[in-house]
file structure_9.cif (mmCIF, C-alpha atoms)
data_run
loop_
_atom_site.group_PDB
_atom_site.id
_atom_site.type_symbol
_atom_site.label_atom_id
_atom_site.label_comp_id
_atom_site.auth_asym_id
_atom_site.auth_seq_id
_atom_site.Cartn_x
_atom_site.Cartn_y
_atom_site.Cartn_z
ATOM 1 C CA SER U 1 -11.036 -5.682 17.185
ATOM 2 C CA THR U 2 -12.152 -2.155 16.274
ATOM 3 C CA ARG U 3 -11.669 -1.060 19.872
ATOM 4 C CA ILE U 4 -8.220 -2.625 20.062
ATOM 5 C CA ILE U 5 -7.044 -0.951 16.857
ATOM 6 C CA ARG U 6 -8.378 2.389 18.056
ATOM 7 C CA PHE U 7 -5.895 2.563 20.933
ATOM 8 C CA ARG U 8 -2.834 1.424 19.001
ATOM 9 C CA PHE U 9 -1.569 5.021 18.665
ATOM 10 C CA THR U 10 0.710 4.905 21.709
ATOM 11 C CA MET U 11 3.754 6.739 22.886
ATOM 12 C CA MET U 12 5.806 4.008 21.220
ATOM 13 C CA HIS U 13 4.357 5.006 17.864
ATOM 14 C CA ALA U 14 4.947 8.657 18.632
ATOM 15 C CA ALA U 15 8.583 7.938 19.361
ATOM 16 C CA ARG U 16 8.847 5.753 16.271
ATOM 17 C CA ALA U 17 7.404 8.547 14.139
ATOM 18 C CA THR U 18 10.022 10.929 15.512
ATOM 19 C CA VAL U 19 13.040 8.652 15.172
ATOM 20 C CA THR U 20 12.297 6.482 12.134
ATOM 21 C CA ARG U 21 10.278 8.613 9.780
ATOM 22 C CA LEU U 22 11.960 11.898 10.327
ATOM 23 C CA ALA U 23 15.580 10.744 10.219
ATOM 24 C CA ALA U 24 15.880 11.311 6.504
ATOM 25 C CA PRO U 25 18.004 13.278 4.094
ATOM 26 C CA ALA U 26 14.923 14.849 2.548
ATOM 27 C CA SER U 27 14.175 16.893 5.643
ATOM 28 C CA LEU U 28 15.787 18.269 8.781
ATOM 29 C CA THR U 29 14.341 16.825 12.001
ATOM 30 C CA ILE U 30 13.816 18.810 15.166
ATOM 31 C CA GLY U 31 11.830 16.908 17.782
ATOM 32 C CA ALA U 32 8.644 15.636 16.181
ATOM 33 C CA TYR U 33 8.836 18.040 13.292
ATOM 34 C CA ALA U 34 10.214 17.745 9.773
ATOM 35 C CA LEU U 35 11.553 20.893 8.179
ATOM 36 C CA TYR U 36 11.738 20.835 4.412
ATOM 37 C CA PRO U 37 15.032 22.190 3.003
ATOM 38 C CA ALA U 38 15.203 25.517 1.209
ATOM 39 C CA ASP U 39 15.383 23.882 -2.219
ATOM 40 C CA ALA U 40 12.066 22.161 -1.552
ATOM 41 C CA HIS U 41 10.252 25.494 -1.817
ATOM 42 C CA ALA U 42 10.821 26.467 1.809
ATOM 43 C CA LYS U 43 7.888 24.508 3.165
ATOM 44 C CA GLU U 44 6.922 24.873 6.799
ATOM 45 C CA ALA U 45 7.450 22.312 9.551
ATOM 46 C CA VAL U 46 5.251 19.220 9.455
ATOM 47 C CA ASP U 47 4.269 17.578 12.742
ATOM 48 C CA LEU U 48 4.009 13.963 11.625
ATOM 49 C CA ASN U 49 2.647 12.856 14.986
ATOM 50 C CA LYS U 50 -0.393 15.051 14.390
ATOM 51 C CA VAL U 51 -0.714 13.939 10.773
ATOM 52 C CA ARG U 52 -0.535 10.317 11.860
ATOM 53 C CA ALA U 53 -3.176 10.880 14.529
ATOM 54 C CA SER U 54 -5.446 12.544 11.960
ATOM 55 C CA ILE U 55 -5.105 9.588 9.588
ATOM 56 C CA LEU U 56 -6.029 7.212 12.413
ATOM 57 C CA THR U 57 -9.011 9.354 13.361
ATOM 58 C CA ALA U 58 -10.240 9.270 9.765
ATOM 59 C CA ILE U 59 -9.960 5.468 9.733
ATOM 60 C CA GLU U 60 -11.727 5.083 13.071
ATOM 61 C CA GLU U 61 -14.584 7.459 12.264
ATOM 62 C CA ASP U 62 -15.129 5.758 8.916
ATOM 63 C CA MET U 63 -15.064 2.334 10.586
ATOM 64 C CA GLU U 64 -17.752 3.386 13.041
ATOM 65 C CA LYS U 65 -19.978 4.599 10.216
ATOM 66 C CA ARG U 66 -19.587 1.316 8.339
ATOM 67 C CA ASP U 67 -20.098 -0.907 11.387
ATOM 68 C CA ASP U 68 -19.583 -4.016 9.237
ATOM 69 C CA GLY U 69 -16.014 -5.005 10.038
ATOM 70 C CA THR U 70 -14.516 -3.284 6.982
ATOM 71 C CA SER U 71 -12.275 -0.231 7.077
ATOM 72 C CA LEU U 72 -9.992 2.113 5.167
ATOM 73 C CA TYR U 73 -6.842 0.276 6.252
ATOM 74 C CA GLY U 74 -6.646 -1.865 3.140
ATOM 75 C CA THR U 75 -7.848 0.955 0.902
ATOM 76 C CA PHE U 76 -5.133 3.335 2.119
ATOM 77 C CA ILE U 77 -2.495 0.650 1.513
ATOM 78 C CA ARG U 78 -3.837 0.178 -2.011
ATOM 79 C CA LEU U 79 -3.821 3.966 -2.535
ATOM 80 C CA ALA U 80 -0.153 4.202 -1.598
ATOM 81 C CA TRP U 81 0.650 1.129 -3.694
ATOM 82 C CA HIS U 82 -1.080 2.413 -6.809
ATOM 83 C CA CYS U 83 0.452 5.877 -6.467
ATOM 84 C CA ALA U 84 3.908 4.330 -6.549
ATOM 85 C CA GLY U 85 3.355 1.250 -8.713
ATOM 86 C CA THR U 86 3.439 3.113 -12.024
ATOM 87 C CA TYR U 87 7.218 3.492 -11.886
ATOM 88 C CA SER U 88 9.476 2.308 -14.697
ATOM 89 C CA LYS U 89 13.223 1.980 -14.213
ATOM 90 C CA VAL U 90 13.650 2.201 -18.002
ATOM 91 C CA ASP U 91 13.068 5.948 -18.120
ATOM 92 C CA ASN U 92 12.556 6.782 -14.415
ATOM 93 C CA SER U 93 8.949 7.809 -15.110
ATOM 94 C CA GLY U 94 5.915 7.258 -12.915
ATOM 95 C CA GLY U 95 6.025 6.631 -9.179
ATOM 96 C CA SER U 96 4.466 8.360 -6.190
ATOM 97 C CA ASN U 97 6.063 11.747 -6.804
ATOM 98 C CA GLY U 98 3.485 14.151 -8.215
ATOM 99 C CA ALA U 99 0.326 12.521 -6.812
ATOM 100 C CA ARG U 100 -1.034 12.555 -10.358
ATOM 101 C CA MET U 101 -3.755 10.121 -9.370
ATOM 102 C CA ARG U 102 -5.827 13.169 -8.431
ATOM 103 C CA TYR U 103 -6.195 13.959 -12.121
ATOM 104 C CA ASN U 104 -7.158 12.203 -15.310
ATOM 105 C CA PRO U 105 -6.067 9.948 -16.832
ATOM 106 C CA GLU U 106 -4.919 8.107 -13.684
ATOM 107 C CA ALA U 107 -8.025 8.969 -11.670
ATOM 108 C CA THR U 108 -10.214 7.039 -14.103
ATOM 109 C CA TRP U 109 -7.960 4.076 -14.819
ATOM 110 C CA GLY U 110 -9.751 0.797 -14.208
ATOM 111 C CA ALA U 111 -6.945 -0.329 -11.904
ATOM 112 C CA ASN U 112 -7.651 2.694 -9.672
ATOM 113 C CA ALA U 113 -11.404 2.115 -9.394
ATOM 114 C CA GLY U 114 -12.647 2.722 -5.863
ATOM 115 C CA LEU U 115 -9.669 4.797 -4.737
ATOM 116 C CA LYS U 116 -11.552 8.089 -4.858
ATOM 117 C CA VAL U 117 -13.004 7.014 -1.508
ATOM 118 C CA ALA U 118 -9.508 7.000 -0.035
ATOM 119 C CA ARG U 119 -8.499 10.324 -1.599
ATOM 120 C CA ASP U 120 -11.705 11.967 -0.375
ATOM 121 C CA ALA U 121 -11.130 10.636 3.154
ATOM 122 C CA LEU U 122 -7.668 12.221 3.202
ATOM 123 C CA GLU U 123 -8.732 15.576 1.762
ATOM 124 C CA PRO U 124 -9.670 17.128 5.158
ATOM 125 C CA ILE U 125 -6.239 16.114 6.443
ATOM 126 C CA LYS U 126 -4.571 17.798 3.496
ATOM 127 C CA GLN U 127 -6.537 20.966 4.229
ATOM 128 C CA LYS U 128 -5.502 20.743 7.871
ATOM 129 C CA PHE U 129 -1.836 20.320 6.935
ATOM 130 C CA PRO U 130 -1.412 22.304 3.690
ATOM 131 C CA GLU U 131 2.376 22.188 4.019
ATOM 132 C CA LEU U 132 2.265 18.406 3.436
ATOM 133 C CA SER U 133 2.169 17.347 -0.211
ATOM 134 C CA TYR U 134 -0.590 15.052 -1.474
ATOM 135 C CA ALA U 135 2.121 12.636 -2.591
ATOM 136 C CA ASP U 136 3.587 12.421 0.912
ATOM 137 C CA LEU U 137 0.121 12.179 2.470
ATOM 138 C CA TYR U 138 -1.087 9.368 0.208
ATOM 139 C CA THR U 139 2.014 7.279 0.781
ATOM 140 C CA LEU U 140 2.096 8.030 4.510
ATOM 141 C CA ALA U 141 -1.515 6.845 4.818
ATOM 142 C CA GLY U 142 -0.410 3.454 3.527
ATOM 143 C CA VAL U 143 2.508 3.336 5.947
ATOM 144 C CA VAL U 144 0.320 4.242 8.918
ATOM 145 C CA SER U 145 -2.243 1.617 7.917
ATOM 146 C CA VAL U 146 0.328 -1.175 7.777
ATOM 147 C CA GLU U 147 1.874 -0.263 11.106
ATOM 148 C CA GLU U 148 -1.317 0.430 13.031
ATOM 149 C CA ALA U 149 -2.873 -2.830 11.836
ATOM 150 C CA GLY U 150 -0.050 -4.752 13.492
ATOM 151 C CA GLY U 151 2.483 -4.795 10.665
ATOM 152 C CA PRO U 152 6.173 -3.888 10.590
ATOM 153 C CA THR U 153 7.730 -0.438 10.783
ATOM 154 C CA ILE U 154 8.043 0.938 7.248
ATOM 155 C CA PRO U 155 10.991 3.224 6.408
ATOM 156 C CA PHE U 156 9.513 6.529 5.279
ATOM 157 C CA ARG U 157 10.678 10.058 4.580
ATOM 158 C CA LEU U 158 9.130 13.247 3.322
ATOM 159 C CA GLY U 159 10.108 15.040 0.151
ATOM 160 C CA ARG U 160 7.599 14.174 -2.574
ATOM 161 C CA GLU U 161 6.146 17.066 -4.528
ATOM 162 C CA ASP U 162 2.791 17.518 -6.256
ATOM 163 C CA MET U 163 2.149 18.024 -9.945
ATOM 164 C CA GLU U 164 -0.557 20.425 -11.053
ATOM 165 C CA SER U 165 -2.079 18.152 -13.701
ATOM 166 C CA GLY U 166 -1.989 14.659 -15.134
ATOM 167 C CA GLU U 167 -0.093 15.700 -18.242
ATOM 168 C CA THR U 168 3.005 13.820 -17.132
ATOM 169 C CA SER U 169 1.155 10.662 -16.107
ATOM 170 C CA PRO U 170 2.649 7.452 -17.502
ATOM 171 C CA PRO U 171 0.607 5.335 -19.928
ATOM 172 C CA ASP U 172 -2.141 3.099 -18.589
ATOM 173 C CA GLY U 173 -1.278 -0.561 -18.092
ATOM 174 C CA ARG U 174 1.585 -0.240 -15.622
ATOM 175 C CA LEU U 175 -0.372 -1.504 -12.621
ATOM 176 C CA PRO U 176 -0.847 -5.277 -12.192
ATOM 177 C CA ASP U 177 -3.983 -7.019 -13.459
ATOM 178 C CA ALA U 178 -5.570 -9.829 -11.480
ATOM 179 C CA ASP U 179 -5.916 -12.115 -14.489
ATOM 180 C CA LYS U 180 -4.428 -12.348 -17.952
ATOM 181 C CA GLY U 181 -6.563 -15.242 -19.136
ATOM 182 C CA GLY U 182 -4.356 -18.143 -18.149
ATOM 183 C CA ARG U 183 -1.741 -19.342 -15.659
ATOM 184 C CA VAL U 184 1.310 -18.810 -17.853
ATOM 185 C CA LYS U 185 0.230 -15.377 -19.072
ATOM 186 C CA THR U 186 -0.735 -14.222 -15.581
ATOM 187 C CA ILE U 187 2.579 -15.329 -14.069
ATOM 188 C CA GLN U 188 4.524 -13.621 -16.849
ATOM 189 C CA HIS U 189 2.436 -10.471 -16.443
ATOM 190 C CA ILE U 190 3.252 -10.317 -12.726
ATOM 191 C CA ARG U 191 6.964 -10.576 -13.426
ATOM 192 C CA ASP U 192 6.803 -8.032 -16.250
ATOM 193 C CA ILE U 193 5.070 -5.480 -14.007
ATOM 194 C CA PHE U 194 7.369 -5.882 -11.018
ATOM 195 C CA TYR U 195 10.617 -6.396 -12.895
ATOM 196 C CA ARG U 196 9.903 -3.110 -14.695
ATOM 197 C CA MET U 197 10.027 -1.407 -11.295
ATOM 198 C CA GLY U 198 13.217 -3.194 -10.249
ATOM 199 C CA PHE U 199 11.853 -5.900 -7.933
ATOM 200 C CA ASN U 200 12.902 -9.550 -7.793
ATOM 201 C CA ASP U 201 10.747 -12.635 -7.153
ATOM 202 C CA ARG U 202 11.171 -12.543 -3.390
ATOM 203 C CA GLU U 203 10.156 -8.886 -3.226
ATOM 204 C CA ILE U 204 7.156 -9.582 -5.478
ATOM 205 C CA VAL U 205 5.798 -12.254 -3.152
ATOM 206 C CA ALA U 206 6.438 -10.110 -0.080
ATOM 207 C CA LEU U 207 4.540 -7.151 -1.556
ATOM 208 C CA LEU U 208 1.563 -9.333 -2.483
ATOM 209 C CA GLY U 209 1.320 -10.201 1.197
ATOM 210 C CA ALA U 210 -0.506 -6.888 1.618
ATOM 211 C CA HIS U 211 -3.557 -8.814 0.419
ATOM 212 C CA ALA U 212 -3.904 -9.846 4.055
ATOM 213 C CA MET U 213 -5.631 -6.463 4.372
ATOM 214 C CA GLY U 214 -8.975 -5.375 2.995
ATOM 215 C CA ARG U 215 -11.207 -6.988 0.406
ATOM 216 C CA CYS U 216 -12.407 -6.765 -3.173
ATOM 217 C CA HIS U 217 -15.668 -5.011 -4.067
ATOM 218 C CA THR U 218 -17.847 -5.863 -7.047
ATOM 219 C CA ASP U 219 -18.619 -2.193 -7.673
ATOM 220 C CA ALA U 220 -14.892 -1.414 -8.046
ATOM 221 C CA SER U 221 -12.869 -4.330 -9.409
ATOM 222 C CA GLY U 222 -15.742 -6.708 -10.126
ATOM 223 C CA TYR U 223 -14.266 -9.262 -7.724
ATOM 224 C CA TRP U 224 -15.836 -10.038 -4.360
ATOM 225 C CA GLY U 225 -14.673 -10.851 -0.869
ATOM 226 C CA PRO U 226 -11.784 -10.692 1.600
ATOM 227 C CA TRP U 227 -8.589 -12.721 1.421
ATOM 228 C CA THR U 228 -8.615 -13.498 5.161
ATOM 229 C CA PHE U 229 -11.026 -13.525 8.089
ATOM 230 C CA ALA U 230 -9.039 -10.705 9.734
ATOM 231 C CA GLU U 231 -9.001 -8.046 7.034
ATOM 232 C CA ASN U 232 -8.029 -5.266 9.458
ATOM 233 C CA THR U 233 -4.962 -7.119 10.747
ATOM 234 C CA PHE U 234 -1.617 -7.176 8.979
ATOM 235 C CA SER U 235 -0.152 -10.670 9.259
ATOM 236 C CA ASN U 236 1.163 -13.638 7.256
ATOM 237 C CA GLU U 237 -2.327 -15.151 7.164
ATOM 238 C CA TYR U 238 -2.612 -14.581 3.414
ATOM 239 C CA PHE U 239 0.300 -16.927 2.810
ATOM 240 C CA ARG U 240 -0.876 -19.522 5.305
ATOM 241 C CA LEU U 241 -4.288 -19.669 3.663
ATOM 242 C CA LEU U 242 -2.778 -19.915 0.188
ATOM 243 C CA VAL U 243 -0.789 -22.971 1.246
ATOM 244 C CA GLU U 244 -3.228 -24.736 3.570
ATOM 245 C CA GLU U 245 -6.684 -24.133 2.109
ATOM 246 C CA ARG U 246 -8.226 -25.796 -0.918
ATOM 247 C CA TRP U 247 -9.079 -23.182 -3.547
ATOM 248 C CA SER U 248 -11.648 -23.819 -6.253
ATOM 249 C CA PRO U 249 -13.247 -21.628 -8.946
ATOM 250 C CA LYS U 250 -16.141 -19.559 -7.666
ATOM 251 C CA VAL U 251 -19.409 -20.595 -9.336
ATOM 252 C CA THR U 252 -22.118 -19.216 -7.034
ATOM 253 C CA HIS U 253 -22.700 -16.156 -4.895
ATOM 254 C CA ASN U 254 -25.487 -15.808 -2.332
ATOM 255 C CA GLY U 255 -27.265 -18.790 -3.836
ATOM 256 C CA LYS U 256 -27.119 -17.489 -7.402
ATOM 257 C CA PRO U 257 -24.721 -18.207 -10.289
ATOM 258 C CA TRP U 258 -21.562 -16.095 -10.065
ATOM 259 C CA ASP U 259 -21.439 -13.744 -13.041
ATOM 260 C CA GLY U 260 -18.290 -11.841 -12.108
ATOM 261 C CA PRO U 261 -14.715 -12.354 -13.318
ATOM 262 C CA ASP U 262 -12.900 -15.607 -12.601
ATOM 263 C CA GLN U 263 -11.820 -15.909 -8.988
ATOM 264 C CA PHE U 264 -11.289 -18.637 -6.414
ATOM 265 C CA GLU U 265 -12.898 -19.382 -3.054
ATOM 266 C CA ASP U 266 -12.212 -21.557 -0.031
ATOM 267 C CA ALA U 267 -14.477 -24.357 1.181
ATOM 268 C CA THR U 268 -16.656 -21.886 3.126
ATOM 269 C CA GLY U 269 -17.191 -19.598 0.146
ATOM 270 C CA LYS U 270 -16.405 -16.646 2.400
ATOM 271 C CA LEU U 271 -12.780 -16.092 1.387
ATOM 272 C CA MET U 272 -11.387 -15.378 -2.054
ATOM 273 C CA MET U 273 -8.197 -15.457 -4.053
ATOM 274 C CA LEU U 274 -7.539 -13.787 -7.391
ATOM 275 C CA PRO U 275 -5.955 -15.659 -10.301
ATOM 276 C CA SER U 276 -2.785 -13.648 -9.613
ATOM 277 C CA ASP U 277 -2.824 -14.928 -6.018
ATOM 278 C CA ILE U 278 -3.151 -18.547 -7.113
ATOM 279 C CA ALA U 279 -0.249 -17.918 -9.488
ATOM 280 C CA MET U 280 1.921 -17.535 -6.395
ATOM 281 C CA ILE U 281 1.581 -21.249 -5.604
ATOM 282 C CA LEU U 282 1.633 -22.467 -9.211
ATOM 283 C CA ASP U 283 5.046 -21.007 -10.001
ATOM 284 C CA PRO U 284 7.918 -22.873 -8.251
ATOM 285 C CA GLU U 285 10.011 -19.747 -7.646
ATOM 286 C CA PHE U 286 7.110 -17.774 -6.195
ATOM 287 C CA LYS U 287 5.855 -20.757 -4.190
ATOM 288 C CA LYS U 288 9.048 -21.220 -2.204
ATOM 289 C CA TYR U 289 8.669 -17.710 -0.802
ATOM 290 C CA VAL U 290 4.965 -18.218 -0.130
ATOM 291 C CA GLU U 291 5.846 -21.287 1.911
ATOM 292 C CA LEU U 292 8.615 -19.407 3.719
ATOM 293 C CA TYR U 293 6.333 -16.545 4.724
ATOM 294 C CA ALA U 294 3.511 -18.932 5.697
ATOM 295 C CA LYS U 295 5.863 -20.456 8.285
ATOM 296 C CA ASP U 296 7.848 -17.383 9.311
ATOM 297 C CA GLU U 297 5.948 -14.143 9.893
ATOM 298 C CA ASP U 298 9.094 -12.361 11.048
ATOM 299 C CA ALA U 299 10.752 -13.070 7.702
ATOM 300 C CA PHE U 300 7.688 -11.758 5.903
ATOM 301 C CA PHE U 301 7.540 -8.586 7.999
ATOM 302 C CA LYS U 302 11.227 -7.887 7.435
ATOM 303 C CA ASP U 303 11.007 -8.415 3.674
ATOM 304 C CA PHE U 304 7.727 -6.536 3.299
ATOM 305 C CA ALA U 305 8.981 -3.478 5.192
ATOM 306 C CA LYS U 306 12.038 -3.259 2.969
ATOM 307 C CA ALA U 307 10.132 -3.841 -0.292
ATOM 308 C CA PHE U 308 7.228 -1.511 0.553
ATOM 309 C CA GLY U 309 9.590 1.251 1.632
ATOM 310 C CA LYS U 310 11.462 0.799 -1.641
ATOM 311 C CA LEU U 311 8.219 0.902 -3.637
ATOM 312 C CA LEU U 312 7.115 4.198 -2.103
ATOM 313 C CA GLU U 313 10.407 5.898 -3.018
ATOM 314 C CA LEU U 314 10.721 4.754 -6.633
ATOM 315 C CA GLY U 315 11.361 7.718 -8.908
ATOM 316 C CA VAL U 316 11.196 10.294 -6.122
ATOM 317 C CA PRO U 317 13.911 12.985 -6.529
ATOM 318 C CA PHE U 318 14.509 13.537 -2.822
ATOM 319 C CA ALA U 319 16.286 16.781 -2.073
ATOM 320 C CA THR U 320 19.682 16.624 -0.405
ATOM 321 C CA ILE U 321 20.235 18.414 2.884
ATOM 322 C CA LYS U 322 23.388 20.525 2.762
ATOM 323 C CA PRO U 323 25.980 19.956 5.503
ATOM 324 C CA TRP U 324 25.491 22.305 8.457
ATOM 325 C CA TYR U 325 28.658 24.226 7.580
ATOM 326 C CA GLN U 326 27.134 25.176 4.189
ATOM 327 C CA PHE U 327 24.070 26.848 5.682
ATOM 328 C CA TRP U 328 25.804 30.243 5.686
#
call {"tool": "encode", "arguments": {"input": "structure_9.cif", "output": "structure tokens"}}
result
Amino acid sequence: STRIIRFRFTMMHAARATVTRLAAPASLTIGAYALYPADAHAKEAVDLNKVRASILTAIEEDMEKRDDGTSLYGTFIRLAWHCAGTYSKVDNSGGSNGARMRYNPEATWGANAGLKVARDALEPIKQKFPELSYADLYTLAGVVSVEEAGGPTIPFRLGREDMESGETSPPDGRLPDADKGGRVKTIQHIRDIFYRMGFNDREIVALLGAHAMGRCHTDASGYWGPWTFAENTFSNEYFRLLVEERWSPKVTHNGKPWDGPDQFEDATGKLMMLPSDIAMILDPEFKKYVELYAKDEDAFFKDFAKAFGKLLELGVPFATIKPWYQFW
């Protein structure tokens, strides 16, 4: 599967990068380039095809070094998610604009454990394309990962700016926890987190479908294992497994008692679900969307693309391109 993924950067993706990503009010598009407007500090043109190719190269080279079936795909999606998931519609604070995750306090939040690996992997790309903001790069890495792993086209535009410190970071606690100590509390916590950003139940379930990618690591979150057997492929498999498999509390690991946080496993013991995942099938409103997406991948892809694109733009003050007749 590594070899297949490696050659997914085709002319179709190049065309899609030109037409879809660059057709945005935050930047003027000429060919495969995005020109930032004058009120965005007169930044130079950004060739997103080259940036995209560099992100893919970083993923591929890292995958070859690991040689264990894992990759940065899921980690880059989580990076983009956690950059944006701090938004609050109450005061329009937080969100991906600023890329404050580079600094404390966000860099050391427990919810962001393990994401330094992703930021470090993207640093050479930032140095190669200094005109691209960290905020745009981090979110774009998530978009590229979804699409190149077989997922839907995500609406994306440039225009995020970087902050120079973490002084304007929102308070800790805005990112979702995997467990709040009980079914009712966990379900309410999920709604509190996502409603604060402006999402509804259907969008919540769609966004959690990103758990089809990647895995949990004991040295980061304390949890262990992948959600699916195809952790480098974006699909509706997460939902299918939630509905069709029997999930029971994990009690052992590699022949020894499990001493990590509460989580669930399938009959093989090789797949896992978090308490927040199981909450998706315990709540009637959430469950109806889980069942929908388990049966209809197209519906999931359509809803995820819309919700993920929305997430990445929350709180971003995109500049407005002036009409051509106002350029002089």
call {"tool": "resolve_selection", "arguments": {"input": "structure_9.cif", "expression": "the PyMOL selection byres ((chain U and resi 129) around 12)", "output": "short mmCIF file (atom, residue, chain, number, x, y, z; two decimals) with C-alpha atoms, in the frame of the given file"}}
result
data_model
loop_
_atom_site.label_atom_id
_atom_site.label_comp_id
_atom_site.auth_asym_id
_atom_site.auth_seq_id
_atom_site.Cartn_x
_atom_site.Cartn_y
_atom_site.Cartn_z
CA LYS U 43 7.89 24.51 3.16
CA GLU U 44 6.92 24.87 6.80
CA ALA U 45 7.45 22.31 9.55
CA VAL U 46 5.25 19.22 9.46
CA ASP U 47 4.27 17.58 12.74
CA LEU U 48 4.01 13.96 11.62
CA ASN U 49 2.65 12.86 14.99
CA LYS U 50 -0.39 15.05 14.39
CA VAL U 51 -0.71 13.94 10.77
CA ARG U 52 -0.54 10.32 11.86
CA SER U 54 -5.45 12.54 11.96
CA ILE U 55 -5.11 9.59 9.59
CA LEU U 122 -7.67 12.22 3.20
CA GLU U 123 -8.73 15.58 1.76
CA PRO U 124 -9.67 17.13 5.16
CA ILE U 125 -6.24 16.11 6.44
CA LYS U 126 -4.57 17.80 3.50
CA GLN U 127 -6.54 20.97 4.23
CA LYS U 128 -5.50 20.74 7.87
CA PRO U 130 -1.41 22.30 3.69
CA GLU U 131 2.38 22.19 4.02
CA LEU U 132 2.26 18.41 3.44
CA SER U 133 2.17 17.35 -0.21
CA TYR U 134 -0.59 15.05 -1.47
CA ASP U 136 3.59 12.42 0.91
CA LEU U 137 0.12 12.18 2.47
#
call {"tool": "resolve_selection", "arguments": {"input": "structure_9.cif", "expression": "the PyMOL selection byres ((chain U and resi 182-184) around 12)", "output": "list in words"}}
result
Ala178, Asp179, Lys180, Gly181, Lys185, Thr186, Ile187, Gln188, His189, Ile190, Arg191, Asp262, Leu274, Pro275, Ser276, Asp277, Ile278, Ala279, Met280, Ile281, Leu282 and Asp283 of chain U
call {"tool": "closest_residue", "arguments": {"input": "structure_9.cif", "among": "U:Ala294, U:Leu56, U:Met197, U:Ile154", "to": "U:Leu314", "atoms": "all atoms listed in the file"}}
result
U:Met197
call {"tool": "atom_distance", "arguments": {"input": "structure_9.cif", "atom1": "atom CA of U:Trp258", "atom2": "atom CA of U:Trp227"}}
result
17.7 Å
call {"tool": "resolve_selection", "arguments": {"input": "structure_9.cif", "expression": "the PyMOL selection byres ((chain U and resi 207) around 12)", "output": "PyMOL selection string"}}
result
chain U and resi 77-78+81+85+146+190+194+199-206+208-213+236+238-239+277+280+286+289-290+293+300-312
call {"tool": "atom_distance", "arguments": {"input": "structure_9.cif", "atom1": "atom CA of U:Ile59", "atom2": "atom CA of U:Phe76"}}
result
9.3 Å
call {"tool": "axis_aligned_box", "arguments": {"input": "structure_9.cif", "around": "stretch 180-185 of chain U", "padding_each_side": "5 Å", "output": "JSON"}}
result
{"center_x": -2.6, "center_y": -15.8, "center_z": -17.4, "size_x": 17.9, "size_y": 17.0, "size_z": 13.5}
call {"tool": "atom_distance", "arguments": {"input": "structure_9.cif", "atom1": "atom CA of U:Asp298", "atom2": "atom CA of U:Glu245"}}
result
21.6 Å
call {"tool": "closest_residue", "arguments": {"input": "structure_9.cif", "among": "U:Ser88, U:Thr108, U:Thr218, U:Asn97", "to": "U:Gly159", "atoms": "only C-alpha atoms"}}
result
U:Asn97
call {"tool": "residues_around", "arguments": {"input": "structure_9.cif", "residues": "U:Gly173", "least_positions_apart": "4", "cutoff": "10 Å", "atoms": "only C-alpha atoms", "output": "PyMOL selection string"}}
result
chain U and resi 86+109-111+177+193
call {"tool": "closest_residue", "arguments": {"input": "structure_9.cif", "among": "U:Val243, U:Ala267, U:Cys83, U:Ala220", "to": "U:Leu175", "atoms": "only C-alpha atoms"}}
result
U:Cys83
call {"tool": "closest_residue", "arguments": {"input": "structure_9.cif", "among": "U:Ala58, U:Val143, U:Ala84, U:Ala299", "to": "U:Asp120", "atoms": "all atoms listed in the file"}}
result
U:Ala58
call {"tool": "residues_near_point", "arguments": {"input": "structure_9.cif", "point": "(11.4, 10.9, -5.4)", "cutoff": "8 Å", "atoms": "all atoms listed in the file", "output": "PyMOL selection string"}}
result
chain U and resi 95-97+159-160+313-318
call {"tool": "closest_residue", "arguments": {"input": "structure_9.cif", "among": "U:Gln263, U:Thr233, U:Asn254, U:Ser248", "to": "U:Gly69", "atoms": "only C-alpha atoms"}}
result
U:Thr233
